[in-house]
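Beneath this line is the structure, given in structure tokens, with notes to follow.
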Amino acid sequence: MAEFRATVRQRAGAPVIDLHGQIDRAADGPLTAAYAEAAGQGPGAIVLNFEGVDYINSTGIALIVGLLARARAERRAVGACGLSDHYREIFEITRLSDFMGIYADEDSAAGAPAAAGNTGRQP
Amino acid sequence: MRRRWSFRRSAEGDQPALVAAVEAAAGEPAVEAAPVEIAPNDPLVAYFQGATGPVDLDALDLDSPAVADLRAAGVRMVVPLVSQGELIGLLNLGPRRSEQEYSADDRKLLADLAGHAAPAVRVAQLVREQQAEIRERERIEGELEVARLIQQQFLPHELPELPGWQVAAYYQPARQVGGDFYDFLELPDGQLGIVVGDVTDKGVPAALVMATTHSILRAEAPRLVSPGEVLGRANDLLVTEMPAHMFVTCLYAVLDPASGRLRYANAGHNLPYLRTEDGVGELRATGMPLGLLPGMRYEEKEAALAPGDDLLLHSDGLAEAHSPERQMFGFPRLAKLTAEGKSGQELIDLLLLELAKFTGPGWEQEDDITLVTLRRSGAGPDAAALTEFELASEPGNERIAIERVAAAVGGLGLPPARLERLKTAVGEAVMNAIEHGNRNRPELPVGVRVATSGTELVVRVTDQGGDRPALQAERPDLEAKLAGEQSPRGWGLFLIESMVDELRTSADGRRHAVELVVRLEGAEDHG
């Protein structure tokens, strides 16, 4: 069971937050810090990369909702990539996917969220 | 002889009687004469009510026993004390000391005195009545408390755990403790006795009869097993002990969990509802209430509960509850709600919700409400328990539960997407058990049992929070959460419900359980 880590990577289009491990209660601090870092230079969009995530529980969903709420208040789009089929389903059931773009890979995510806007959803 | 007369108000019976008492005046030997009682229907009462001042008893021409009694007691003059149009007492006087007649001045003085005294006396009377009411209320409260204690003593402290069966119960006494009771009896050969009953009357006498009935059934049931015989025997024993005007209605059923066979007999109790694939039906069996007549026979009937069937046993308090318009909740409504397909605790919750809607706010519960539900879930005793374990209530242990359940169901060949959903549901259910049910107290165990009947996979998660209200699954409002109007949390139960085919919950006073049900046959993989 890997401890949660969140690291910020700048790339053209939008900064990427690489998420690793389990997103549960313990992810609160690192996730908040990573968002603050990524948002520091005022980008129009941020990408969450779930590639390294093996577990998200309801508390983790709540953290993502909190992050998304903050980004929306700051008029910043959020895109997600690297979700497994299961968590992609959960993002749909919870309707998180109505409010953040869900992308198959990082390249399309980094290129698209700003254009897709806050409510962007990939067909 | 000089006399000073006093009076008191007696509140015995429906109408107050006036009681005229006499005591010796100061300086005289303390001789107290017997009080003169004036019946409420004595014409003298009506006369005094309309009198405007002192009444000379000698000059009074009334056919009244009270007048004769007062005269005999030496009363010459009576001054009615009237407050706000109500006769509240009498000022009775004997002959004047000077042995002269009462003068006009005397009469005026007496009339003035009565005018001032009456309100003061009325206040004193009200204070005394109020004190008496308080004492009476305290006495009744004390009695209700005793009745409550007796009743609680005899209600089951936990629900039976039958693999493949879901048992849930609800019991809510009315403020005036009634005589409802229910019980579960362990019988030979793994059979389960189920009792639901109602003693007429309320308070301590009803509670005592309930206790007696409970003890008789507990003693006779294991010996006799046959429900009809058990009720017949209980009736004969109760007849000899039953206080007048009291009786007990009682439904007694014996379940064979292995086969789903239910034998039952009914001593005048509400008919249970059985919901099957074909709809809802009543389980009818005839029999007189217990404790009325000796030598009664009780018809014995039989029903079979198939997997997915639900049984509801209930007392009057629900079906006979009234709306503000004085309409009755009624049996047809109860049957219709039972037909909706909810089971166990969910059926109980549905019935209580509908009751609350029906009666409206501020309803004072009229009678005890007892509900017992029984559901055959399918993962019966023939079902293989794949694993069963307990975990300490420590954050993070839900991950252990997920891994162990996943390992246990490995041989079932669940499609990967369904397995992932089950894992998420198990994680959330165990987390709820740790945080909500057991309040993160590590010494309280979370139980996990995984069983399959071949058609269903059931993961049962139990915690020790059965005395607290269960969490309610509602669809979270994401817009409100994103707008900061709601906490971002609150996804757990919603996720569980979304991840499995059925979520069943049940609770007794101690344990709370959720069952995560995944259907195995014809299961499509939507993932």
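In the structure tokens, chains take letters A, B, ... by order of appearance, with residues numbered from 1 within each chain and ligands from 1 in the order shown.
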
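Using only C-alpha atoms, the part of chain A that sits within 6 Å of chain B is made up of Ser58, Ala62, Val65, Gly66 and Ala69 of chain A.
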
Save the residues we just selected, C-alpha atoms, as a PDB file, in the first residue's frame?
```pdb
ATOM      1  CA  SER A  58     -15.196   8.190  -0.687  1.00  0.00           C
ATOM      2  CA  ALA A  62     -14.498  14.333  -1.354  1.00  0.00           C
ATOM      3  CA  VAL A  65     -14.598  17.533  -5.134  1.00  0.00           C
ATOM      4  CA  GLY A  66     -12.959  20.076  -2.822  1.00  0.00           C
ATOM      5  CA  ALA A  69     -14.670  23.472  -6.180  1.00  0.00           C
TER       6      ALA A  69
END
```

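Here the residues within segment 375-463 of chain B that DSSP labels strand (DSSP E) on the basis of the backbone are Arg375, Arg376, Ala384, Ala385, Leu386, Thr387, Glu388, Phe389, Glu390, Leu391, Ala392, Pro445, Val446, Gly447, Val448, Arg449, Val450, Ala451, Thr452, Glu456, Leu457, Val458, Val459, Arg460, Val461, Thr462 and Asp463 of chain B.
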
Emit the selected residues as a compact mmCIF listing (two decimals), in the first residue's frame, including C-alpha atoms.
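The resulting file, result_5.txt, is reproduced below:
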```txt
# COMPACT_ATOMS: atom_id res chain seq x y z
CA ARG B 375 -36.40 -12.17 4.86
CA ARG B 376 -35.01 -15.25 3.21
CA ALA B 384 -20.90 -21.80 1.42
CA ALA B 385 -19.24 -19.30 3.73
CA LEU B 386 -16.19 -18.32 1.72
CA THR B 387 -14.58 -16.45 4.54
CA GLU B 388 -15.42 -14.89 7.86
CA PHE B 389 -13.17 -12.62 9.88
CA GLU B 390 -13.04 -9.68 12.26
CA LEU B 391 -10.99 -6.50 12.10
CA ALA B 392 -10.12 -3.89 14.71
CA PRO B 445 -14.59 -5.41 16.01
CA VAL B 446 -15.94 -5.09 12.50
CA GLY B 447 -17.22 -8.48 11.32
CA VAL B 448 -17.01 -9.53 7.69
CA ARG B 449 -18.65 -12.66 6.32
CA VAL B 450 -18.62 -13.65 2.68
CA ALA B 451 -21.08 -16.32 1.54
CA THR B 452 -22.56 -17.48 -1.69
CA GLU B 456 -25.97 -14.58 -4.96
CA LEU B 457 -22.79 -13.42 -3.36
CA VAL B 458 -23.42 -11.75 -0.02
CA VAL B 459 -20.81 -9.81 1.93
CA ARG B 460 -22.10 -9.01 5.38
CA VAL B 461 -20.36 -6.28 7.37
CA THR B 462 -21.34 -5.81 11.01
CA ASP B 463 -20.43 -3.21 13.59
```

What separates atom CA of Ala14 of chain A and atom CA of Glu106 of chain A is a distance of 10.1 Å

Please, which residues of segment 417-449 of chain B, numbered as in this document, come out helix (DSSP H, G or I) from DSSP, as a ChimeraX atom specification? /B:417-437

Grab the residues selected above and save them as a PDB file, in the first residue's frame with N, CA and C atoms.
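The file below, selection-v8.pdb, is the result:
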```
ATOM      1  N   ALA B 417     -14.633  -6.057 -13.754  1.00  0.00           N
ATOM      2  CA  ALA B 417     -15.301  -4.807 -13.391  1.00  0.00           C
ATOM      3  C   ALA B 417     -16.209  -5.003 -12.179  1.00  0.00           C
ATOM      4  N   ARG B 418     -16.888  -6.144 -12.134  1.00  0.00           N
ATOM      5  CA  ARG B 418     -17.773  -6.410 -10.983  1.00  0.00           C
ATOM      6  C   ARG B 418     -16.966  -6.597  -9.716  1.00  0.00           C
ATOM      7  N   LEU B 419     -15.809  -7.227  -9.860  1.00  0.00           N
ATOM      8  CA  LEU B 419     -14.938  -7.415  -8.703  1.00  0.00           C
ATOM      9  C   LEU B 419     -14.466  -6.055  -8.178  1.00  0.00           C
ATOM     10  N   GLU B 420     -14.090  -5.167  -9.093  1.00  0.00           N
ATOM     11  CA  GLU B 420     -13.632  -3.831  -8.670  1.00  0.00           C
ATOM     12  C   GLU B 420     -14.750  -3.095  -7.931  1.00  0.00           C
ATOM     13  N   ARG B 421     -15.963  -3.221  -8.469  1.00  0.00           N
ATOM     14  CA  ARG B 421     -17.099  -2.557  -7.806  1.00  0.00           C
ATOM     15  C   ARG B 421     -17.311  -3.126  -6.404  1.00  0.00           C
ATOM     16  N   LEU B 422     -17.248  -4.455  -6.319  1.00  0.00           N
ATOM     17  CA  LEU B 422     -17.439  -5.077  -5.008  1.00  0.00           C
ATOM     18  C   LEU B 422     -16.365  -4.599  -4.036  1.00  0.00           C
ATOM     19  N   LYS B 423     -15.128  -4.510  -4.521  1.00  0.00           N
ATOM     20  CA  LYS B 423     -14.034  -4.075  -3.642  1.00  0.00           C
ATOM     21  C   LYS B 423     -14.292  -2.662  -3.111  1.00  0.00           C
ATOM     22  N   THR B 424     -14.738  -1.787  -4.001  1.00  0.00           N
ATOM     23  CA  THR B 424     -15.046  -0.420  -3.555  1.00  0.00           C
ATOM     24  C   THR B 424     -16.176  -0.443  -2.517  1.00  0.00           C
ATOM     25  N   ALA B 425     -17.211  -1.247  -2.787  1.00  0.00           N
ATOM     26  CA  ALA B 425     -18.350  -1.318  -1.853  1.00  0.00           C
ATOM     27  C   ALA B 425     -17.898  -1.859  -0.492  1.00  0.00           C
ATOM     28  N   VAL B 426     -17.056  -2.905  -0.527  1.00  0.00           N
ATOM     29  CA  VAL B 426     -16.575  -3.480   0.736  1.00  0.00           C
ATOM     30  C   VAL B 426     -15.765  -2.437   1.505  1.00  0.00           C
ATOM     31  N   GLY B 427     -14.877  -1.745   0.792  1.00  0.00           N
ATOM     32  CA  GLY B 427     -14.052  -0.728   1.452  1.00  0.00           C
ATOM     33  C   GLY B 427     -14.911   0.336   2.126  1.00  0.00           C
ATOM     34  N   GLU B 428     -15.932   0.805   1.410  1.00  0.00           N
ATOM     35  CA  GLU B 428     -16.798   1.854   1.973  1.00  0.00           C
ATOM     36  C   GLU B 428     -17.623   1.327   3.148  1.00  0.00           C
ATOM     37  N   ALA B 429     -18.125   0.096   3.015  1.00  0.00           N
ATOM     38  CA  ALA B 429     -18.951  -0.473   4.091  1.00  0.00           C
ATOM     39  C   ALA B 429     -18.108  -0.667   5.354  1.00  0.00           C
ATOM     40  N   VAL B 430     -16.889  -1.156   5.185  1.00  0.00           N
ATOM     41  CA  VAL B 430     -16.030  -1.371   6.360  1.00  0.00           C
ATOM     42  C   VAL B 430     -15.623  -0.020   6.959  1.00  0.00           C
ATOM     43  N   MET B 431     -15.369   0.961   6.098  1.00  0.00           N
ATOM     44  CA  MET B 431     -15.002   2.285   6.610  1.00  0.00           C
ATOM     45  C   MET B 431     -16.160   2.889   7.416  1.00  0.00           C
ATOM     46  N   ASN B 432     -17.383   2.751   6.894  1.00  0.00           N
ATOM     47  CA  ASN B 432     -18.553   3.220   7.655  1.00  0.00           C
ATOM     48  C   ASN B 432     -18.646   2.507   8.992  1.00  0.00           C
ATOM     49  N   ALA B 433     -18.397   1.183   8.975  1.00  0.00           N
ATOM     50  CA  ALA B 433     -18.486   0.399  10.206  1.00  0.00           C
ATOM     51  C   ALA B 433     -17.454   0.890  11.221  1.00  0.00           C
ATOM     52  N   ILE B 434     -16.253   1.182  10.738  1.00  0.00           N
ATOM     53  CA  ILE B 434     -15.180   1.639  11.640  1.00  0.00           C
ATOM     54  C   ILE B 434     -15.499   3.031  12.182  1.00  0.00           C
ATOM     55  N   GLU B 435     -15.846   3.946  11.271  1.00  0.00           N
ATOM     56  CA  GLU B 435     -15.959   5.353  11.667  1.00  0.00           C
ATOM     57  C   GLU B 435     -17.327   5.682  12.272  1.00  0.00           C
ATOM     58  N   HIS B 436     -18.381   5.208  11.618  1.00  0.00           N
ATOM     59  CA  HIS B 436     -19.726   5.575  12.091  1.00  0.00           C
ATOM     60  C   HIS B 436     -20.223   4.580  13.136  1.00  0.00           C
ATOM     61  N   GLY B 437     -20.148   3.283  12.808  1.00  0.00           N
ATOM     62  CA  GLY B 437     -20.692   2.267  13.716  1.00  0.00           C
ATOM     63  C   GLY B 437     -19.871   2.130  14.988  1.00  0.00           C
TER      64      GLY B 437
END
```

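Among the candidates B:Ala132, B:Ala265, B:Asp467, B:Pro80, the residue lying nearest to Asp112 of chain B is B:Pro80 (atoms considered: only C-alpha atoms).
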
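Shell of Thr7 of chain A at 7 Å, with only C-alpha atoms counted and residues fewer than 6 places along the chain excluded, is Ile17, Asp18, Leu19 and Ala34 of chain A.
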
Convert the current residue selection to file output with C-alpha atoms, as an mmCIF file, in the first residue's frame.
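Output file selection_32.cif follows:
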```
data_model
loop_
_atom_site.group_PDB
_atom_site.id
_atom_site.type_symbol
_atom_site.label_atom_id
_atom_site.label_comp_id
_atom_site.auth_asym_id
_atom_site.auth_seq_id
_atom_site.Cartn_x
_atom_site.Cartn_y
_atom_site.Cartn_z
ATOM 1 C CA ILE A 17 -0.182 16.975 -10.915
ATOM 2 C CA ASP A 18 1.066 13.402 -10.877
ATOM 3 C CA LEU A 19 -0.823 11.427 -8.244
ATOM 4 C CA ALA A 34 0.253 20.301 -4.952
#
```

Work out how far apart atom CA of Thr505 of chain B and atom CA of Glu354 of chain B are and give it in Å to one decimal. 18.5 Å
